[in-house]
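Student: Quick one, work.csv (CSV, C-alpha atoms):
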```csv
chain,number,residue,atom,x,y,z
R,6,MET,CA,-14.8,-31.2,30.5
R,7,LYS,CA,-16.6,-34.5,31.1
R,8,ARG,CA,-17.2,-34.8,27.3
R,9,ARG,CA,-13.5,-34.2,26.6
R,10,LYS,CA,-12.4,-36.8,29.1
R,11,PHE,CA,-14.9,-39.3,27.6
R,12,LEU,CA,-13.6,-38.6,24.1
R,13,HIS,CA,-10.0,-39.0,25.3
R,14,SER,CA,-10.8,-42.3,26.9
R,15,SER,CA,-12.7,-43.6,23.9
R,16,LEU,CA,-10.0,-42.7,21.4
R,17,ALA,CA,-7.3,-44.1,23.6
R,18,ALA,CA,-9.1,-47.4,24.0
R,19,THR,CA,-9.8,-47.6,20.3
R,20,ALA,CA,-6.1,-47.0,19.5
R,21,GLY,CA,-5.2,-49.7,22.0
R,22,MET,CA,-7.6,-52.2,20.4
R,23,ALA,CA,-6.1,-51.4,17.0
R,24,THR,CA,-2.7,-52.7,18.2
R,25,MET,CA,-3.8,-55.7,20.3
R,26,GLY,CA,-1.8,-58.8,19.6
R,27,ALA,CA,1.6,-57.1,19.4
R,28,SER,CA,4.2,-59.3,21.1
R,29,ALA,CA,6.3,-58.2,24.1
R,30,GLY,CA,9.2,-55.9,23.1
R,31,GLU,CA,7.5,-54.3,20.1
R,32,ARG,CA,7.1,-50.5,19.9
R,33,PRO,CA,4.2,-49.3,22.1
R,34,ALA,CA,1.3,-47.6,20.4
R,35,ALA,CA,2.1,-44.3,22.1
R,36,GLN,CA,5.2,-43.9,19.8
R,37,LYS,CA,3.2,-44.2,16.6
R,38,GLU,CA,1.7,-41.2,15.0
R,39,VAL,CA,-2.0,-40.5,14.6
R,40,TYR,CA,-3.3,-39.2,11.3
R,41,GLU,CA,-6.4,-37.1,10.6
R,42,TRP,CA,-7.5,-37.3,7.0
R,43,ARG,CA,-10.2,-34.9,5.8
R,44,GLU,CA,-12.1,-34.8,2.4
R,45,TYR,CA,-14.0,-31.7,1.6
R,46,ASP,CA,-16.8,-31.9,-1.0
R,47,MET,CA,-16.9,-28.5,-2.5
R,48,ARG,CA,-20.1,-26.9,-3.8
R,49,PHE,CA,-20.6,-26.5,-7.5
R,50,GLY,CA,-19.2,-23.3,-8.8
R,51,VAL,CA,-18.0,-21.9,-5.5
R,52,ASP,CA,-14.7,-20.0,-5.0
R,53,ARG,CA,-12.7,-22.6,-3.2
R,54,GLY,CA,-10.1,-20.0,-2.6
R,55,GLN,CA,-11.9,-19.0,0.5
R,56,LEU,CA,-11.3,-22.4,2.0
R,57,GLU,CA,-7.7,-22.6,0.8
R,58,GLN,CA,-7.0,-19.1,2.2
R,59,TYR,CA,-8.3,-20.5,5.6
R,60,PHE,CA,-5.9,-23.4,5.4
R,61,LYS,CA,-3.0,-21.3,4.3
R,62,THR,CA,-3.3,-18.3,6.7
R,63,ALA,CA,-5.2,-19.7,9.7
R,64,LEU,CA,-5.3,-23.5,10.2
R,65,ILE,CA,-1.8,-24.5,9.1
R,66,PRO,CA,0.0,-21.7,10.9
R,67,ALA,CA,-1.9,-22.5,14.1
R,68,LEU,CA,-1.1,-26.3,13.8
R,69,ASN,CA,2.5,-25.5,13.1
R,70,LYS,CA,2.6,-23.2,16.2
R,71,TYR,CA,1.6,-26.1,18.4
R,72,GLY,CA,4.0,-28.6,17.1
R,73,VAL,CA,2.3,-30.1,14.0
R,74,LYS,CA,5.0,-29.3,11.4
R,75,THR,CA,3.9,-31.1,8.2
R,76,VAL,CA,0.3,-30.5,7.2
R,77,GLY,CA,-0.6,-31.7,3.7
R,78,VAL,CA,-3.3,-30.2,1.5
R,79,PHE,CA,-4.1,-31.9,-1.8
R,80,LYS,CA,-6.4,-31.6,-4.8
R,81,ALA,CA,-7.3,-34.3,-7.4
R,82,TRP,CA,-4.7,-35.0,-10.0
R,83,LYS,CA,-7.4,-34.7,-12.6
R,84,GLU,CA,-9.8,-32.2,-11.1
R,85,THR,CA,-13.6,-32.6,-11.3
R,86,GLU,CA,-16.4,-30.1,-10.9
R,87,PRO,CA,-17.4,-29.8,-8.1
R,88,ALA,CA,-13.9,-30.1,-6.8
R,89,LYS,CA,-12.6,-31.9,-3.7
R,90,LEU,CA,-9.8,-30.8,-1.3
R,91,TYR,CA,-8.0,-33.2,1.0
R,92,VAL,CA,-6.1,-32.5,4.2
R,93,LEU,CA,-3.6,-34.6,6.1
R,94,VAL,CA,-2.7,-33.7,9.7
R,95,PRO,CA,-0.1,-35.9,11.5
R,96,TYR,CA,-0.1,-35.9,15.3
R,97,ALA,CA,2.4,-37.4,17.7
R,98,SER,CA,-0.3,-39.3,19.6
R,99,ILE,CA,-4.0,-39.3,20.5
R,100,ASP,CA,-3.2,-37.0,23.4
R,101,SER,CA,-1.5,-34.6,21.0
R,102,TYR,CA,-4.6,-34.7,18.7
R,103,LEU,CA,-6.8,-33.6,21.6
R,104,LEU,CA,-4.5,-31.1,23.1
R,105,VAL,CA,-3.5,-29.4,19.8
R,106,ASN,CA,-7.0,-29.0,18.6
R,107,ALA,CA,-8.1,-27.5,21.9
R,108,LYS,CA,-5.2,-25.0,21.8
R,109,VAL,CA,-5.9,-24.0,18.2
R,110,LYS,CA,-9.5,-23.2,18.9
R,111,ALA,CA,-8.5,-20.9,21.7
R,112,ASP,CA,-5.6,-19.3,20.0
R,113,ALA,CA,-6.0,-15.5,19.5
R,114,ASP,CA,-4.0,-15.4,16.3
R,115,TYR,CA,-6.0,-18.3,14.9
R,116,ILE,CA,-9.3,-16.7,15.9
R,117,LYS,CA,-8.3,-13.5,14.1
R,118,SER,CA,-6.9,-15.2,11.0
R,119,SER,CA,-10.0,-17.4,10.6
R,120,ALA,CA,-12.6,-14.6,11.1
R,121,ALA,CA,-13.3,-14.2,7.4
R,122,TYR,CA,-13.7,-17.9,6.9
R,123,HIS,CA,-16.1,-18.2,9.8
R,124,ALA,CA,-18.1,-15.2,8.6
R,125,ILE,CA,-19.0,-16.9,5.3
R,126,PRO,CA,-22.9,-16.7,5.2
R,127,ALA,CA,-25.1,-19.7,5.5
R,128,ASP,CA,-26.6,-19.1,2.1
R,129,LYS,CA,-23.1,-19.2,0.4
R,130,PRO,CA,-21.3,-22.2,1.9
R,131,VAL,CA,-18.0,-23.2,0.4
R,132,TYR,CA,-18.5,-26.9,0.7
R,133,ASN,CA,-21.3,-29.4,1.3
R,134,ARG,CA,-19.7,-31.3,4.1
R,135,PHE,CA,-16.3,-32.8,4.9
R,136,THR,CA,-15.7,-36.3,6.1
R,137,ALA,CA,-12.9,-37.1,8.5
R,138,SER,CA,-11.1,-40.2,9.7
R,139,LEU,CA,-8.4,-41.0,12.3
R,140,MET,CA,-5.7,-43.5,11.8
R,141,THR,CA,-2.9,-45.0,13.8
R,142,ALA,CA,0.4,-45.5,12.0
R,143,PHE,CA,1.7,-49.0,11.3
R,144,GLU,CA,4.3,-50.4,13.7
R,145,GLY,CA,6.7,-50.8,10.9
R,146,TRP,CA,6.2,-47.3,9.5
R,147,PRO,CA,5.5,-45.2,12.7
R,148,ALA,CA,6.0,-41.7,11.3
R,149,LEU,CA,5.1,-39.8,8.2
R,150,THR,CA,7.9,-39.5,5.5
R,151,VAL,CA,7.9,-36.1,3.8
R,152,PRO,CA,9.0,-36.4,0.2
R,153,PRO,CA,11.3,-33.9,-1.6
R,154,GLY,CA,9.7,-30.7,-2.7
R,155,ALA,CA,9.9,-31.5,-6.4
R,156,PRO,CA,6.6,-31.8,-8.4
R,157,ARG,CA,5.1,-35.2,-7.8
R,158,VAL,CA,1.9,-37.2,-7.8
R,159,PHE,CA,0.5,-39.0,-4.7
R,160,GLU,CA,-1.6,-42.1,-4.7
R,161,LEU,CA,-4.0,-42.6,-1.8
R,162,ARG,CA,-5.0,-46.2,-1.4
R,163,THR,CA,-7.8,-47.6,0.9
R,164,TYR,CA,-8.2,-51.3,1.5
R,165,GLU,CA,-11.5,-52.4,3.0
R,166,GLY,CA,-11.7,-55.7,4.7
R,167,TYR,CA,-14.7,-58.0,5.3
R,168,SER,CA,-13.7,-58.4,9.0
R,169,GLU,CA,-11.4,-57.0,11.6
R,170,ASP,CA,-9.2,-60.1,11.3
R,171,ALA,CA,-8.9,-59.7,7.5
R,172,VAL,CA,-7.5,-56.2,8.1
R,173,ARG,CA,-5.2,-57.5,10.8
R,174,ARG,CA,-3.8,-60.0,8.4
R,175,LYS,CA,-3.4,-57.4,5.7
R,176,VAL,CA,-1.4,-55.2,8.1
R,177,LYS,CA,0.8,-58.2,9.0
R,178,MET,CA,1.4,-58.7,5.3
R,179,PHE,CA,2.9,-55.3,5.0
R,180,HIS,CA,5.2,-56.0,7.9
R,181,ASP,CA,6.1,-59.4,6.5
R,182,GLY,CA,7.6,-58.0,3.3
R,183,GLU,CA,5.6,-55.3,1.5
R,184,PHE,CA,7.7,-52.4,3.0
R,185,ASP,CA,10.8,-53.7,1.3
R,186,ILE,CA,9.0,-54.4,-2.0
R,187,PHE,CA,7.8,-50.8,-2.1
R,188,LYS,CA,11.3,-49.5,-1.6
R,189,ARG,CA,12.7,-51.8,-4.4
R,190,ALA,CA,9.9,-50.7,-6.7
R,191,LYS,CA,10.5,-47.0,-5.9
R,192,LEU,CA,6.9,-46.6,-4.7
R,193,ASN,CA,7.7,-44.3,-1.8
R,194,PRO,CA,5.4,-44.6,1.2
R,195,VAL,CA,4.3,-41.3,2.9
R,196,PHE,CA,2.2,-42.9,5.6
R,197,LEU,CA,0.4,-46.1,6.4
R,198,GLY,CA,-2.5,-46.1,8.9
R,199,GLU,CA,-5.2,-48.4,10.3
R,200,VAL,CA,-8.4,-46.4,10.5
R,201,ILE,CA,-9.7,-46.3,14.1
R,202,ALA,CA,-12.5,-43.8,13.6
R,203,GLY,CA,-14.4,-43.0,10.4
R,204,ASP,CA,-16.8,-44.6,7.9
R,205,LYS,CA,-16.6,-47.9,6.1
R,206,LEU,CA,-14.7,-49.8,8.8
R,207,PRO,CA,-12.7,-51.9,9.0
R,208,ARG,CA,-10.1,-50.5,6.6
R,209,ILE,CA,-6.5,-49.3,6.2
R,210,THR,CA,-5.4,-46.3,4.2
R,211,TYR,CA,-1.9,-45.4,3.0
R,212,MET,CA,-0.2,-43.0,0.7
R,213,LEU,CA,2.5,-43.5,-1.9
R,214,THR,CA,4.4,-40.9,-4.0
R,215,CYS,CA,6.3,-40.8,-7.2
R,216,ASN,CA,7.7,-38.1,-9.4
R,217,ASN,CA,5.0,-38.7,-12.1
R,218,MET,CA,2.4,-41.2,-13.3
R,219,GLU,CA,4.9,-42.9,-15.6
R,220,GLU,CA,7.1,-43.8,-12.6
R,221,ARG,CA,4.0,-44.9,-10.7
R,222,ASP,CA,3.0,-47.3,-13.4
R,223,LYS,CA,6.5,-48.6,-13.7
R,224,GLY,CA,6.7,-49.0,-10.0
R,225,TRP,CA,3.6,-51.1,-9.7
R,226,GLY,CA,4.8,-53.3,-12.5
R,227,ALA,CA,8.0,-54.0,-10.6
R,228,PHE,CA,6.0,-54.5,-7.4
R,229,VAL,CA,3.7,-57.3,-8.8
R,230,ALA,CA,6.7,-58.9,-10.5
R,231,ASP,CA,8.7,-59.0,-7.3
R,232,ALA,CA,9.6,-62.6,-6.1
R,233,ASP,CA,8.7,-61.6,-2.5
R,234,TRP,CA,5.3,-60.4,-3.5
R,235,LYS,CA,4.6,-63.6,-5.3
R,236,ARG,CA,5.6,-65.5,-2.2
R,237,LEU,CA,3.3,-63.3,0.0
R,238,ILE,CA,0.2,-63.7,-2.2
R,239,ALA,CA,0.7,-67.4,-2.3
R,240,ASP,CA,0.7,-67.7,1.5
R,241,PRO,CA,-2.7,-69.0,2.7
R,242,GLN,CA,-2.7,-66.8,5.8
R,243,TYR,CA,-3.1,-63.7,3.5
R,244,ALA,CA,-6.0,-65.0,1.5
R,245,ASN,CA,-9.1,-62.8,1.4
R,246,THR,CA,-7.5,-59.9,3.3
R,247,VAL,CA,-9.0,-57.2,1.0
R,248,SER,CA,-12.5,-57.0,-0.2
R,249,ARG,CA,-12.3,-53.6,-1.9
R,250,ILE,CA,-9.6,-51.3,-3.1
R,251,ILE,CA,-10.1,-47.5,-3.6
R,252,ASN,CA,-7.3,-45.4,-5.0
R,253,THR,CA,-7.2,-41.7,-5.6
R,254,PHE,CA,-4.5,-39.7,-7.4
R,255,LEU,CA,-3.6,-36.4,-5.9
R,256,VAL,CA,-1.2,-33.5,-6.3
R,257,PRO,CA,-0.2,-31.0,-3.5
R,258,THR,CA,-1.3,-27.5,-3.4
R,259,ALA,CA,1.4,-24.8,-3.6
R,260,TYR,CA,1.3,-24.3,0.2
R,261,SER,CA,1.1,-28.0,1.2
R,262,GLN,CA,3.9,-29.0,3.6
R,263,VAL,CA,3.8,-32.6,2.4
```
Kindly present the structure from the file in structure tokens form.
Tutor:
Amino acid sequence: MKRRKFLHSSLAATAGMATMGASAGERPAAQKEVYEWREYDMRFGVDRGQLEQYFKTALIPALNKYGVKTVGVFKAWKETEPAKLYVLVPYASIDSYLLVNAKVKADADYIKSSAAYHAIPADKPVYNRFTASLMTAFEGWPALTVPPGAPRVFELRTYEGYSEDAVRRKVKMFHDGEFDIFKRAKLNPVFLGEVIAGDKLPRITYMLTCNNMEERDKGWGAFVADADWKRLIADPQYANTVSRIINTFLVPTAYSQV
């Protein structure tokens, strides 16, 4: 119990620090969603169906049961061997993250449905490890946007900054015009988050979606040609906001809810 209270206090404090500097009257952090992002590094030659079955029949139904309605599961657009699987879980708040996870672990249906997964022997693991990060949604995009169910491609983009202030300025840049540019370019944001727990901090991560790669390429062409984007990148306050960009192209699994 003491450990849970400590974790709750630590995460809440971190989330608060991530939004320091907001002026009076802006949306409080409690109304912004919190995102958990997982990346599973599969072992070479394994049957990843064991992990996917766990997601499909145990984890996702349990999360849905306790109010998390849109869980995304993705694989690489061009798959590699060994493969990777990616999971996106949106929570209403830090409190929700803690409460839902505690309820899932104690849920009788979940325990039963996950029994086969948890019985996988130590000498036949499905994955090497998975990494996880927590993010708070941007003030200007406080909730996940679920795209239509048509076949599509997703682009996950991570911007690493050389300092906390660099990342703060990059987040401000989104609010000062990039949201509208994305809309005009038909690069559809799914979520935008500032990473508050994870590796390679400070950084932000966000996800866009298009119907296909051709639309994605056309969209980015329109984005960089937009007059407002040219204005933003010429503004000295936004110089040196990003030191490294990592982008990954993904497609949803058949059972993904995003």
Student: Can you list, as a VMD selection string, every protein, DNA or RNA residue that comes within 12 Å of Ala232 of chain R when you count only C-alpha atoms, leaving out same-chain residues fewer than 5 positions away?
Tutor: chain R and resid 182 to 183 185 to 186 189 to 190 227 237 to 239
Student: For atom CA of Ile99 of chain R and atom CA of Leu68 of chain R, determine how far apart the two atoms are, in Å to one decimal place.
Tutor: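 Taking atom CA of Ile99 of chain R as the start and atom CA of Leu68 of chain R as the end point, the length is 14.9 Å.
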Student: I need the residue nearest Met140 of chain R from this list: R:Asp204, R:Glu160, R:Glu220, R:Asp112. Use only C-alpha atoms for the distance.
Tutor: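 Of R:Asp204, R:Glu160, R:Glu220, R:Asp112, the one nearest Met140 of chain R is R:Asp204, counting only C-alpha atoms.
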Student: Mind checking which residues fall within 7 Å of segment 35-46 of chain R, counting only C-alpha atoms, ignoring those fewer than 5 positions away in the same chain, and posting them as a PyMOL selection string?
Tutor: chain R and resi 88-99+132-142+144+147-148
Student: So which residues are close to (10.4, -32.9, -1.5), meaning at most 12 Å away in the file's coordinates with only C-alpha atoms counted, and can you show them as number ranges by chain?
Tutor: R: 75, 150-158, 193, 195, 214-216, 257, 261-263
Student: I'd like the interatomic distance between atom CA of Met218 of chain R and atom CA of Met47 of chain R, to a tenth of an Å.
Tutor: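 For atom CA of Met218 of chain R relative to atom CA of Met47 of chain R, the distance reads 25.5 Å.
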